[in-house]
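Colleague: Below is the file final.cif, which contains mmCIF, N, CA and C atoms.
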data_final
#
loop_
_atom_site.group_PDB
_atom_site.id
_atom_site.type_symbol
_atom_site.label_atom_id
_atom_site.label_comp_id
_atom_site.auth_asym_id
_atom_site.auth_seq_id
_atom_site.Cartn_x
_atom_site.Cartn_y
_atom_site.Cartn_z
ATOM 1 N N MET A 1 95.261 99.501 107.506
ATOM 2 C CA MET A 1 93.871 99.212 107.278
ATOM 3 C C MET A 1 93.752 97.738 106.937
ATOM 4 N N LEU A 2 92.743 97.116 107.467
ATOM 5 C CA LEU A 2 92.425 95.737 107.119
ATOM 6 C C LEU A 2 91.157 95.767 106.288
ATOM 7 N N TYR A 3 91.284 95.382 105.036
ATOM 8 C CA TYR A 3 90.163 95.397 104.109
ATOM 9 C C TYR A 3 89.621 93.978 103.982
ATOM 10 N N CYS A 4 88.357 93.804 104.318
ATOM 11 C CA CYS A 4 87.715 92.491 104.284
ATOM 12 C C CYS A 4 86.598 92.525 103.246
ATOM 13 N N GLN A 5 86.562 91.492 102.409
ATOM 14 C CA GLN A 5 85.545 91.465 101.375
ATOM 15 C C GLN A 5 85.023 90.051 101.222
ATOM 16 N N HIS A 6 83.697 89.933 101.137
ATOM 17 C CA HIS A 6 83.096 88.623 100.909
ATOM 18 C C HIS A 6 82.225 88.670 99.656
ATOM 19 N N VAL A 7 82.720 88.042 98.622
ATOM 20 C CA VAL A 7 81.962 87.850 97.392
ATOM 21 C C VAL A 7 81.928 86.346 97.179
ATOM 22 N N PRO A 8 80.768 85.702 97.403
ATOM 23 C CA PRO A 8 80.691 84.245 97.265
ATOM 24 C C PRO A 8 81.252 83.769 95.918
ATOM 25 N N GLY A 9 82.144 82.787 96.008
ATOM 26 C CA GLY A 9 82.758 82.234 94.810
ATOM 27 C C GLY A 9 83.953 83.009 94.304
ATOM 28 N N ALA A 10 84.237 84.183 94.900
ATOM 29 C CA ALA A 10 85.363 84.991 94.423
ATOM 30 C C ALA A 10 86.372 85.269 95.534
ATOM 31 N N THR A 11 85.948 85.969 96.596
ATOM 32 C CA THR A 11 86.897 86.335 97.652
ATOM 33 C C THR A 11 86.753 85.499 98.913
ATOM 34 N N GLU A 12 85.567 84.948 99.158
ATOM 35 C CA GLU A 12 85.340 84.049 100.303
ATOM 36 C C GLU A 12 85.925 84.589 101.606
ATOM 37 N N HIS A 13 85.431 85.725 102.052
ATOM 38 C CA HIS A 13 85.838 86.357 103.321
ATOM 39 C C HIS A 13 87.323 86.717 103.341
ATOM 40 N N GLN A 14 87.864 87.095 102.218
ATOM 41 C CA GLN A 14 89.277 87.450 102.120
ATOM 42 C C GLN A 14 89.582 88.722 102.910
ATOM 43 N N GLU A 15 90.741 88.741 103.582
ATOM 44 C CA GLU A 15 91.205 89.911 104.324
ATOM 45 C C GLU A 15 92.575 90.315 103.804
ATOM 46 N N ASN A 16 92.748 91.611 103.550
ATOM 47 C CA ASN A 16 94.025 92.139 103.067
ATOM 48 C C ASN A 16 94.431 93.314 103.928
ATOM 49 N N ALA A 17 95.659 93.304 104.415
ATOM 50 C CA ALA A 17 96.193 94.421 105.195
ATOM 51 C C ALA A 17 97.044 95.291 104.278
ATOM 52 N N THR A 18 96.919 96.611 104.431
ATOM 53 C CA THR A 18 97.720 97.533 103.630
ATOM 54 C C THR A 18 97.914 98.844 104.383
ATOM 55 N N ASP A 19 98.999 99.529 104.091
ATOM 56 C CA ASP A 19 99.232 100.866 104.626
ATOM 57 C C ASP A 19 98.562 101.865 103.696
ATOM 58 N N VAL A 20 97.786 102.778 104.257
ATOM 59 C CA VAL A 20 97.067 103.768 103.456
ATOM 60 C C VAL A 20 97.346 105.170 103.973
ATOM 61 N N VAL A 21 97.075 106.156 103.129
ATOM 62 C CA VAL A 21 97.211 107.565 103.474
ATOM 63 C C VAL A 21 95.875 108.230 103.185
ATOM 64 N N LEU A 22 95.392 109.044 104.113
ATOM 65 C CA LEU A 22 94.193 109.833 103.878
ATOM 66 C C LEU A 22 94.645 111.205 103.403
ATOM 67 N N ASN A 23 94.371 111.521 102.151
ATOM 68 C CA ASN A 23 94.765 112.774 101.524
ATOM 69 C C ASN A 23 93.494 113.556 101.229
ATOM 70 N N ASP A 24 93.110 114.438 102.157
ATOM 71 C CA ASP A 24 91.848 115.164 102.113
ATOM 72 C C ASP A 24 90.711 114.136 102.183
ATOM 73 N N THR A 25 89.953 113.930 101.138
ATOM 74 C CA THR A 25 88.870 112.933 101.160
ATOM 75 C C THR A 25 89.215 111.723 100.296
ATOM 76 N N ARG A 26 90.483 111.519 100.018
ATOM 77 C CA ARG A 26 90.923 110.402 99.181
ATOM 78 C C ARG A 26 91.779 109.446 100.001
ATOM 79 N N ILE A 27 91.417 108.160 99.975
ATOM 80 C CA ILE A 27 92.214 107.111 100.598
ATOM 81 C C ILE A 27 93.162 106.594 99.527
ATOM 82 N N GLU A 28 94.471 106.697 99.773
ATOM 83 C CA GLU A 28 95.458 106.328 98.762
ATOM 84 C C GLU A 28 96.402 105.255 99.270
ATOM 85 N N TRP A 29 96.851 104.427 98.377
ATOM 86 C CA TRP A 29 97.915 103.473 98.646
ATOM 87 C C TRP A 29 98.695 103.289 97.360
ATOM 88 N N GLY A 30 99.821 102.598 97.436
ATOM 89 C CA GLY A 30 100.657 102.423 96.249
ATOM 90 C C GLY A 30 101.283 103.725 95.782
ATOM 91 N N GLY A 31 101.673 104.573 96.741
ATOM 92 C CA GLY A 31 102.301 105.842 96.381
ATOM 93 C C GLY A 31 101.337 106.833 95.757
ATOM 94 N N GLY A 32 100.034 106.640 95.983
ATOM 95 C CA GLY A 32 99.032 107.539 95.429
ATOM 96 C C GLY A 32 98.512 107.117 94.071
ATOM 97 N N ASP A 33 99.049 105.990 93.544
ATOM 98 C CA ASP A 33 98.590 105.497 92.237
ATOM 99 C C ASP A 33 97.172 104.947 92.300
ATOM 100 N N TYR A 34 96.752 104.481 93.463
ATOM 101 C CA TYR A 34 95.434 103.888 93.636
ATOM 102 C C TYR A 34 94.707 104.608 94.767
ATOM 103 N N GLY A 35 93.389 104.699 94.654
ATOM 104 C CA GLY A 35 92.668 105.334 95.729
ATOM 105 C C GLY A 35 91.164 105.368 95.525
ATOM 106 N N TYR A 36 90.478 105.673 96.624
ATOM 107 C CA TYR A 36 89.030 105.820 96.644
ATOM 108 C C TYR A 36 88.700 107.192 97.206
ATOM 109 N N THR A 37 87.610 107.777 96.755
ATOM 110 C CA THR A 37 87.150 109.055 97.283
ATOM 111 C C THR A 37 86.109 108.792 98.368
ATOM 112 N N VAL A 38 86.379 109.278 99.569
ATOM 113 C CA VAL A 38 85.464 109.095 100.696
ATOM 114 C C VAL A 38 84.325 110.107 100.569
ATOM 115 N N MET A 39 83.094 109.600 100.611
ATOM 116 C CA MET A 39 81.923 110.454 100.464
ATOM 117 C C MET A 39 81.332 110.829 101.820
ATOM 118 N N ALA A 40 81.425 109.923 102.812
ATOM 119 C CA ALA A 40 80.902 110.167 104.162
ATOM 120 C C ALA A 40 81.513 109.150 105.109
ATOM 121 N N TRP A 41 81.675 109.547 106.381
ATOM 122 C CA TRP A 41 82.148 108.594 107.377
ATOM 123 C C TRP A 41 81.817 109.069 108.778
ATOM 124 N N ASP A 42 81.774 108.087 109.695
ATOM 125 C CA ASP A 42 81.678 108.362 111.123
ATOM 126 C C ASP A 42 82.529 107.309 111.822
ATOM 127 N N ALA A 43 82.373 107.134 113.115
ATOM 128 C CA ALA A 43 83.236 106.229 113.871
ATOM 129 C C ALA A 43 83.105 104.766 113.443
ATOM 130 N N ASP A 44 81.973 104.373 112.870
ATOM 131 C CA ASP A 44 81.740 102.959 112.563
ATOM 132 C C ASP A 44 81.472 102.637 111.098
ATOM 133 N N THR A 45 81.259 103.636 110.272
ATOM 134 C CA THR A 45 80.950 103.375 108.864
ATOM 135 C C THR A 45 81.678 104.353 107.953
ATOM 136 N N MET A 46 81.847 103.938 106.701
ATOM 137 C CA MET A 46 82.438 104.797 105.692
ATOM 138 C C MET A 46 81.807 104.454 104.344
ATOM 139 N N VAL A 47 81.526 105.483 103.549
ATOM 140 C CA VAL A 47 81.030 105.301 102.188
ATOM 141 C C VAL A 47 82.096 105.868 101.261
ATOM 142 N N TRP A 48 82.511 105.052 100.276
ATOM 143 C CA TRP A 48 83.506 105.557 99.335
ATOM 144 C C TRP A 48 83.137 105.220 97.913
ATOM 145 N N ASP A 49 83.678 106.005 96.996
ATOM 146 C CA ASP A 49 83.471 105.828 95.562
ATOM 147 C C ASP A 49 84.735 105.221 94.970
ATOM 148 N N ASN A 50 84.569 104.139 94.216
ATOM 149 C CA ASN A 50 85.672 103.491 93.532
ATOM 150 C C ASN A 50 85.538 103.797 92.042
ATOM 151 N N PRO A 51 86.396 104.673 91.502
ATOM 152 C CA PRO A 51 86.270 105.050 90.100
ATOM 153 C C PRO A 51 86.686 103.943 89.121
ATOM 154 N N VAL A 52 87.362 102.914 89.609
ATOM 155 C CA VAL A 52 87.833 101.826 88.754
ATOM 156 C C VAL A 52 86.708 100.817 88.537
ATOM 157 N N GLY A 53 86.571 100.319 87.337
ATOM 158 C CA GLY A 53 85.619 99.251 87.050
ATOM 159 C C GLY A 53 84.167 99.681 87.040
ATOM 160 N N GLY A 54 83.881 100.894 86.670
ATOM 161 C CA GLY A 54 82.501 101.314 86.541
ATOM 162 C C GLY A 54 82.015 102.262 87.613
ATOM 163 N N GLY A 55 82.857 102.605 88.565
ATOM 164 C CA GLY A 55 82.487 103.593 89.567
ATOM 165 C C GLY A 55 81.479 103.105 90.588
ATOM 166 N N TYR A 56 81.795 102.033 91.279
ATOM 167 C CA TYR A 56 80.914 101.509 92.323
ATOM 168 C C TYR A 56 81.070 102.291 93.616
ATOM 169 N N VAL A 57 80.002 102.381 94.403
ATOM 170 C CA VAL A 57 80.034 103.003 95.722
ATOM 171 C C VAL A 57 79.958 101.888 96.754
ATOM 172 N N TYR A 58 80.840 101.936 97.759
ATOM 173 C CA TYR A 58 80.931 100.902 98.780
ATOM 174 C C TYR A 58 80.568 101.454 100.145
ATOM 175 N N LEU A 59 79.905 100.640 100.955
ATOM 176 C CA LEU A 59 79.630 100.931 102.358
ATOM 177 C C LEU A 59 80.498 99.989 103.185
ATOM 178 N N LEU A 60 81.366 100.551 104.027
ATOM 179 C CA LEU A 60 82.207 99.744 104.904
ATOM 180 C C LEU A 60 81.731 99.928 106.325
ATOM 181 N N GLN A 61 81.731 98.833 107.089
ATOM 182 C CA GLN A 61 81.315 98.888 108.487
ATOM 183 C C GLN A 61 82.378 98.266 109.373
ATOM 184 N N ARG A 62 82.643 98.944 110.491
ATOM 185 C CA ARG A 62 83.614 98.421 111.464
ATOM 186 C C ARG A 62 83.040 97.151 112.082
ATOM 187 N N ARG A 63 83.904 96.165 112.288
ATOM 188 C CA ARG A 63 83.434 94.931 112.945
ATOM 189 C C ARG A 63 84.247 94.634 114.154
#
Now that the file is in, can you turn its structure into structure tokens?
Modeller:
Amino acid sequence: MLYCQHVPGATEHQENATDVVLNDTRIEWGGGDYGYTVMAWDADTMVWDNPVGGGYVYLLQRR
């Protein structure tokens, strides 16, 4: 997976590649120590819940 994030002044279009595992509705990496719960997805978008740091919900779009 290639994770791209743009937060002005923080990540500046940063891209990170990582190997991930889809375990039911959970995206895991780091041997399962880290992960997000997938709430919905289709071929071009995904919505996930990040329980770390206050429980933010993210919308990802294929580019």
Colleague: Tell me which residues the PyMOL selection byres (((chain A and resi 17-33 and name CA) around 9) and name CA) grabs here, as a PDB file with N, CA and C atoms, in the coordinates of the input.
Modeller:
ATOM      1  N   MET A   1      95.261  99.501 107.506  1.00  0.00           N
ATOM      2  CA  MET A   1      93.871  99.212 107.278  1.00  0.00           C
ATOM      3  C   MET A   1      93.752  97.738 106.937  1.00  0.00           C
ATOM      4  N   LEU A   2      92.743  97.116 107.467  1.00  0.00           N
ATOM      5  CA  LEU A   2      92.425  95.737 107.119  1.00  0.00           C
ATOM      6  C   LEU A   2      91.157  95.767 106.288  1.00  0.00           C
ATOM      7  N   TYR A   3      91.284  95.382 105.036  1.00  0.00           N
ATOM      8  CA  TYR A   3      90.163  95.397 104.109  1.00  0.00           C
ATOM      9  C   TYR A   3      89.621  93.978 103.982  1.00  0.00           C
ATOM     10  N   CYS A   4      88.357  93.804 104.318  1.00  0.00           N
ATOM     11  CA  CYS A   4      87.715  92.491 104.284  1.00  0.00           C
ATOM     12  C   CYS A   4      86.598  92.525 103.246  1.00  0.00           C
ATOM     13  N   GLU A  15      90.741  88.741 103.582  1.00  0.00           N
ATOM     14  CA  GLU A  15      91.205  89.911 104.324  1.00  0.00           C
ATOM     15  C   GLU A  15      92.575  90.315 103.804  1.00  0.00           C
ATOM     16  N   ASN A  16      92.748  91.611 103.550  1.00  0.00           N
ATOM     17  CA  ASN A  16      94.025  92.139 103.067  1.00  0.00           C
ATOM     18  C   ASN A  16      94.431  93.314 103.928  1.00  0.00           C
ATOM     19  N   TYR A  34      96.752 104.481  93.463  1.00  0.00           N
ATOM     20  CA  TYR A  34      95.434 103.888  93.636  1.00  0.00           C
ATOM     21  C   TYR A  34      94.707 104.608  94.767  1.00  0.00           C
ATOM     22  N   GLY A  35      93.389 104.699  94.654  1.00  0.00           N
ATOM     23  CA  GLY A  35      92.668 105.334  95.729  1.00  0.00           C
ATOM     24  C   GLY A  35      91.164 105.368  95.525  1.00  0.00           C
ATOM     25  N   TYR A  36      90.478 105.673  96.624  1.00  0.00           N
ATOM     26  CA  TYR A  36      89.030 105.820  96.644  1.00  0.00           C
ATOM     27  C   TYR A  36      88.700 107.192  97.206  1.00  0.00           C
ATOM     28  N   THR A  37      87.610 107.777  96.755  1.00  0.00           N
ATOM     29  CA  THR A  37      87.150 109.055  97.283  1.00  0.00           C
ATOM     30  C   THR A  37      86.109 108.792  98.368  1.00  0.00           C
ATOM     31  N   VAL A  38      86.379 109.278  99.569  1.00  0.00           N
ATOM     32  CA  VAL A  38      85.464 109.095 100.696  1.00  0.00           C
ATOM     33  C   VAL A  38      84.325 110.107 100.569  1.00  0.00           C
ATOM     34  N   MET A  39      83.094 109.600 100.611  1.00  0.00           N
ATOM     35  CA  MET A  39      81.923 110.454 100.464  1.00  0.00           C
ATOM     36  C   MET A  39      81.332 110.829 101.820  1.00  0.00           C
ATOM     37  N   ALA A  40      81.425 109.923 102.812  1.00  0.00           N
ATOM     38  CA  ALA A  40      80.902 110.167 104.162  1.00  0.00           C
ATOM     39  C   ALA A  40      81.513 109.150 105.109  1.00  0.00           C
ATOM     40  N   TRP A  48      82.511 105.052 100.276  1.00  0.00           N
ATOM     41  CA  TRP A  48      83.506 105.557  99.335  1.00  0.00           C
ATOM     42  C   TRP A  48      83.137 105.220  97.913  1.00  0.00           C
TER      43      TRP A  48
END
Colleague: Report the distance between atom CA of A:Arg63 and atom N of A:Asp44 in Å, rounded to one decimal place.
Modeller: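 Computing it gives 9.6 Å between the two atoms.
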Colleague: Quick one: pull the distance between atom CA of A:Asp42 and atom CA of A:Leu60, Å, one decimal.
Modeller: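 Answer for the atom CA of A:Asp42 to atom CA of A:Leu60 separation: 10.6 Å.
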Colleague: Please indicate the distance in Å from atom N of A:Met46 to atom CA of A:Gly9, rounded to one decimal place.
Modeller: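 Atom N of A:Met46 sits 24.8 Å away from atom CA of A:Gly9.
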Colleague: Please return the centre and edge lengths, in Å to one decimal, of a box with edges along x, y and z that contains all listed atoms of stretch 1-17 of chain A, widened by 6 Å on every side, as JSON.
Modeller:
{"center_x": 88.9, "center_y": 90.9, "center_z": 100.9, "size_x": 28.4, "size_y": 29.3, "size_z": 25.2}
Colleague: For the point (81.4, 99.9, 96.4) in file coordinates, what residues are within 8 Å, counting only C-alpha atoms? Give the answer as a ChimeraX atom specification?
Modeller: /A:47-50,55-59
Colleague: Step one, run DSSP on the backbone; step two, keep only residues of chain A assigned to strand (DSSP E); then write them as number ranges by chain.
Modeller: A: 2-5, 14-17, 21-23, 26-29, 34-41, 45-50, 56-61
Colleague: I need the residues from that last selection saved to file as an mmCIF file, keeping the file's coordinate frame (with N, CA and C atoms), if you can.
Modeller:
data_model
loop_
_atom_site.group_PDB
_atom_site.id
_atom_site.type_symbol
_atom_site.label_atom_id
_atom_site.label_comp_id
_atom_site.auth_asym_id
_atom_site.auth_seq_id
_atom_site.Cartn_x
_atom_site.Cartn_y
_atom_site.Cartn_z
ATOM 1 N N LEU A 2 92.743 97.116 107.467
ATOM 2 C CA LEU A 2 92.425 95.737 107.119
ATOM 3 C C LEU A 2 91.157 95.767 106.288
ATOM 4 N N TYR A 3 91.284 95.382 105.036
ATOM 5 C CA TYR A 3 90.163 95.397 104.109
ATOM 6 C C TYR A 3 89.621 93.978 103.982
ATOM 7 N N CYS A 4 88.357 93.804 104.318
ATOM 8 C CA CYS A 4 87.715 92.491 104.284
ATOM 9 C C CYS A 4 86.598 92.525 103.246
ATOM 10 N N GLN A 5 86.562 91.492 102.409
ATOM 11 C CA GLN A 5 85.545 91.465 101.375
ATOM 12 C C GLN A 5 85.023 90.051 101.222
ATOM 13 N N GLN A 14 87.864 87.095 102.218
ATOM 14 C CA GLN A 14 89.277 87.450 102.120
ATOM 15 C C GLN A 14 89.582 88.722 102.910
ATOM 16 N N GLU A 15 90.741 88.741 103.582
ATOM 17 C CA GLU A 15 91.205 89.911 104.324
ATOM 18 C C GLU A 15 92.575 90.315 103.804
ATOM 19 N N ASN A 16 92.748 91.611 103.550
ATOM 20 C CA ASN A 16 94.025 92.139 103.067
ATOM 21 C C ASN A 16 94.431 93.314 103.928
ATOM 22 N N ALA A 17 95.659 93.304 104.415
ATOM 23 C CA ALA A 17 96.193 94.421 105.195
ATOM 24 C C ALA A 17 97.044 95.291 104.278
ATOM 25 N N VAL A 21 97.075 106.156 103.129
ATOM 26 C CA VAL A 21 97.211 107.565 103.474
ATOM 27 C C VAL A 21 95.875 108.230 103.185
ATOM 28 N N LEU A 22 95.392 109.044 104.113
ATOM 29 C CA LEU A 22 94.193 109.833 103.878
ATOM 30 C C LEU A 22 94.645 111.205 103.403
ATOM 31 N N ASN A 23 94.371 111.521 102.151
ATOM 32 C CA ASN A 23 94.765 112.774 101.524
ATOM 33 C C ASN A 23 93.494 113.556 101.229
ATOM 34 N N ARG A 26 90.483 111.519 100.018
ATOM 35 C CA ARG A 26 90.923 110.402 99.181
ATOM 36 C C ARG A 26 91.779 109.446 100.001
ATOM 37 N N ILE A 27 91.417 108.160 99.975
ATOM 38 C CA ILE A 27 92.214 107.111 100.598
ATOM 39 C C ILE A 27 93.162 106.594 99.527
ATOM 40 N N GLU A 28 94.471 106.697 99.773
ATOM 41 C CA GLU A 28 95.458 106.328 98.762
ATOM 42 C C GLU A 28 96.402 105.255 99.270
ATOM 43 N N TRP A 29 96.851 104.427 98.377
ATOM 44 C CA TRP A 29 97.915 103.473 98.646
ATOM 45 C C TRP A 29 98.695 103.289 97.360
ATOM 46 N N TYR A 34 96.752 104.481 93.463
ATOM 47 C CA TYR A 34 95.434 103.888 93.636
ATOM 48 C C TYR A 34 94.707 104.608 94.767
ATOM 49 N N GLY A 35 93.389 104.699 94.654
ATOM 50 C CA GLY A 35 92.668 105.334 95.729
ATOM 51 C C GLY A 35 91.164 105.368 95.525
ATOM 52 N N TYR A 36 90.478 105.673 96.624
ATOM 53 C CA TYR A 36 89.030 105.820 96.644
ATOM 54 C C TYR A 36 88.700 107.192 97.206
ATOM 55 N N THR A 37 87.610 107.777 96.755
ATOM 56 C CA THR A 37 87.150 109.055 97.283
ATOM 57 C C THR A 37 86.109 108.792 98.368
ATOM 58 N N VAL A 38 86.379 109.278 99.569
ATOM 59 C CA VAL A 38 85.464 109.095 100.696
ATOM 60 C C VAL A 38 84.325 110.107 100.569
ATOM 61 N N MET A 39 83.094 109.600 100.611
ATOM 62 C CA MET A 39 81.923 110.454 100.464
ATOM 63 C C MET A 39 81.332 110.829 101.820
ATOM 64 N N ALA A 40 81.425 109.923 102.812
ATOM 65 C CA ALA A 40 80.902 110.167 104.162
ATOM 66 C C ALA A 40 81.513 109.150 105.109
ATOM 67 N N TRP A 41 81.675 109.547 106.381
ATOM 68 C CA TRP A 41 82.148 108.594 107.377
ATOM 69 C C TRP A 41 81.817 109.069 108.778
ATOM 70 N N THR A 45 81.259 103.636 110.272
ATOM 71 C CA THR A 45 80.950 103.375 108.864
ATOM 72 C C THR A 45 81.678 104.353 107.953
ATOM 73 N N MET A 46 81.847 103.938 106.701
ATOM 74 C CA MET A 46 82.438 104.797 105.692
ATOM 75 C C MET A 46 81.807 104.454 104.344
ATOM 76 N N VAL A 47 81.526 105.483 103.549
ATOM 77 C CA VAL A 47 81.030 105.301 102.188
ATOM 78 C C VAL A 47 82.096 105.868 101.261
ATOM 79 N N TRP A 48 82.511 105.052 100.276
ATOM 80 C CA TRP A 48 83.506 105.557 99.335
ATOM 81 C C TRP A 48 83.137 105.220 97.913
ATOM 82 N N ASP A 49 83.678 106.005 96.996
ATOM 83 C CA ASP A 49 83.471 105.828 95.562
ATOM 84 C C ASP A 49 84.735 105.221 94.970
ATOM 85 N N ASN A 50 84.569 104.139 94.216
ATOM 86 C CA ASN A 50 85.672 103.491 93.532
ATOM 87 C C ASN A 50 85.538 103.797 92.042
ATOM 88 N N TYR A 56 81.795 102.033 91.279
ATOM 89 C CA TYR A 56 80.914 101.509 92.323
ATOM 90 C C TYR A 56 81.070 102.291 93.616
ATOM 91 N N VAL A 57 80.002 102.381 94.403
ATOM 92 C CA VAL A 57 80.034 103.003 95.722
ATOM 93 C C VAL A 57 79.958 101.888 96.754
ATOM 94 N N TYR A 58 80.840 101.936 97.759
ATOM 95 C CA TYR A 58 80.931 100.902 98.780
ATOM 96 C C TYR A 58 80.568 101.454 100.145
ATOM 97 N N LEU A 59 79.905 100.640 100.955
ATOM 98 C CA LEU A 59 79.630 100.931 102.358
ATOM 99 C C LEU A 59 80.498 99.989 103.185
ATOM 100 N N LEU A 60 81.366 100.551 104.027
ATOM 101 C CA LEU A 60 82.207 99.744 104.904
ATOM 102 C C LEU A 60 81.731 99.928 106.325
ATOM 103 N N GLN A 61 81.731 98.833 107.089
ATOM 104 C CA GLN A 61 81.315 98.888 108.487
ATOM 105 C C GLN A 61 82.378 98.266 109.373
#
Colleague: Please return stretch 50-57 of chain A, rebuilt to all heavy atoms, as a PDB file, keeping the file's coordinate frame.
Modeller:
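Result file follows (part-v2.pdb):
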ATOM      1  N   ASN A  50      84.569 104.139  94.216  1.00  0.00           N
ATOM      2  CA  ASN A  50      85.672 103.491  93.532  1.00  0.00           C
ATOM      3  C   ASN A  50      85.538 103.797  92.042  1.00  0.00           C
ATOM      4  O   ASN A  50      84.666 103.245  91.377  1.00  0.00           O
ATOM      5  CB  ASN A  50      85.618 101.975  93.771  1.00  0.00           C
ATOM      6  CG  ASN A  50      86.713 101.241  93.048  1.00  0.00           C
ATOM      7  OD1 ASN A  50      87.547 101.833  92.384  1.00  0.00           O
ATOM      8  ND2 ASN A  50      86.718  99.933  93.169  1.00  0.00           N
ATOM      9  N   PRO A  51      86.396 104.673  91.502  1.00  0.00           N
ATOM     10  CA  PRO A  51      86.270 105.050  90.100  1.00  0.00           C
ATOM     11  C   PRO A  51      86.686 103.943  89.121  1.00  0.00           C
ATOM     12  O   PRO A  51      86.383 104.021  87.943  1.00  0.00           O
ATOM     13  CB  PRO A  51      87.197 106.262  89.975  1.00  0.00           C
ATOM     14  CG  PRO A  51      88.223 106.048  91.035  1.00  0.00           C
ATOM     15  CD  PRO A  51      87.496 105.355  92.162  1.00  0.00           C
ATOM     16  N   VAL A  52      87.362 102.914  89.609  1.00  0.00           N
ATOM     17  CA  VAL A  52      87.833 101.826  88.754  1.00  0.00           C
ATOM     18  C   VAL A  52      86.708 100.817  88.537  1.00  0.00           C
ATOM     19  O   VAL A  52      85.969 100.488  89.451  1.00  0.00           O
ATOM     20  CB  VAL A  52      89.059 101.130  89.397  1.00  0.00           C
ATOM     21  CG1 VAL A  52      89.523  99.952  88.558  1.00  0.00           C
ATOM     22  CG2 VAL A  52      90.177 102.132  89.593  1.00  0.00           C
ATOM     23  N   GLY A  53      86.571 100.319  87.337  1.00  0.00           N
ATOM     24  CA  GLY A  53      85.619  99.251  87.050  1.00  0.00           C
ATOM     25  C   GLY A  53      84.167  99.681  87.040  1.00  0.00           C
ATOM     26  O   GLY A  53      83.292  98.913  87.409  1.00  0.00           O
ATOM     27  N   GLY A  54      83.881 100.894  86.670  1.00  0.00           N
ATOM     28  CA  GLY A  54      82.501 101.314  86.541  1.00  0.00           C
ATOM     29  C   GLY A  54      82.015 102.262  87.613  1.00  0.00           C
ATOM     30  O   GLY A  54      80.867 102.675  87.589  1.00  0.00           O
ATOM     31  N   GLY A  55      82.857 102.605  88.565  1.00  0.00           N
ATOM     32  CA  GLY A  55      82.487 103.593  89.567  1.00  0.00           C
ATOM     33  C   GLY A  55      81.479 103.105  90.588  1.00  0.00           C
ATOM     34  O   GLY A  55      80.420 103.685  90.753  1.00  0.00           O
ATOM     35  N   TYR A  56      81.795 102.033  91.279  1.00  0.00           N
ATOM     36  CA  TYR A  56      80.914 101.509  92.323  1.00  0.00           C
ATOM     37  C   TYR A  56      81.070 102.291  93.616  1.00  0.00           C
ATOM     38  O   TYR A  56      82.149 102.784  93.925  1.00  0.00           O
ATOM     39  CB  TYR A  56      81.213 100.035  92.593  1.00  0.00           C
ATOM     40  CG  TYR A  56      80.856  99.150  91.435  1.00  0.00           C
ATOM     41  CD1 TYR A  56      81.819  98.730  90.533  1.00  0.00           C
ATOM     42  CD2 TYR A  56      79.545  98.745  91.242  1.00  0.00           C
ATOM     43  CE1 TYR A  56      81.483  97.917  89.461  1.00  0.00           C
ATOM     44  CE2 TYR A  56      79.198  97.934  90.176  1.00  0.00           C
ATOM     45  CZ  TYR A  56      80.177  97.524  89.288  1.00  0.00           C
ATOM     46  OH  TYR A  56      79.843  96.732  88.231  1.00  0.00           O
ATOM     47  N   VAL A  57      80.002 102.381  94.403  1.00  0.00           N
ATOM     48  CA  VAL A  57      80.034 103.003  95.722  1.00  0.00           C
ATOM     49  C   VAL A  57      79.958 101.888  96.754  1.00  0.00           C
ATOM     50  O   VAL A  57      79.133 100.978  96.636  1.00  0.00           O
ATOM     51  CB  VAL A  57      78.858 103.994  95.902  1.00  0.00           C
ATOM     52  CG1 VAL A  57      78.817 104.520  97.321  1.00  0.00           C
ATOM     53  CG2 VAL A  57      78.981 105.138  94.907  1.00  0.00           C
TER      54      VAL A  57
END
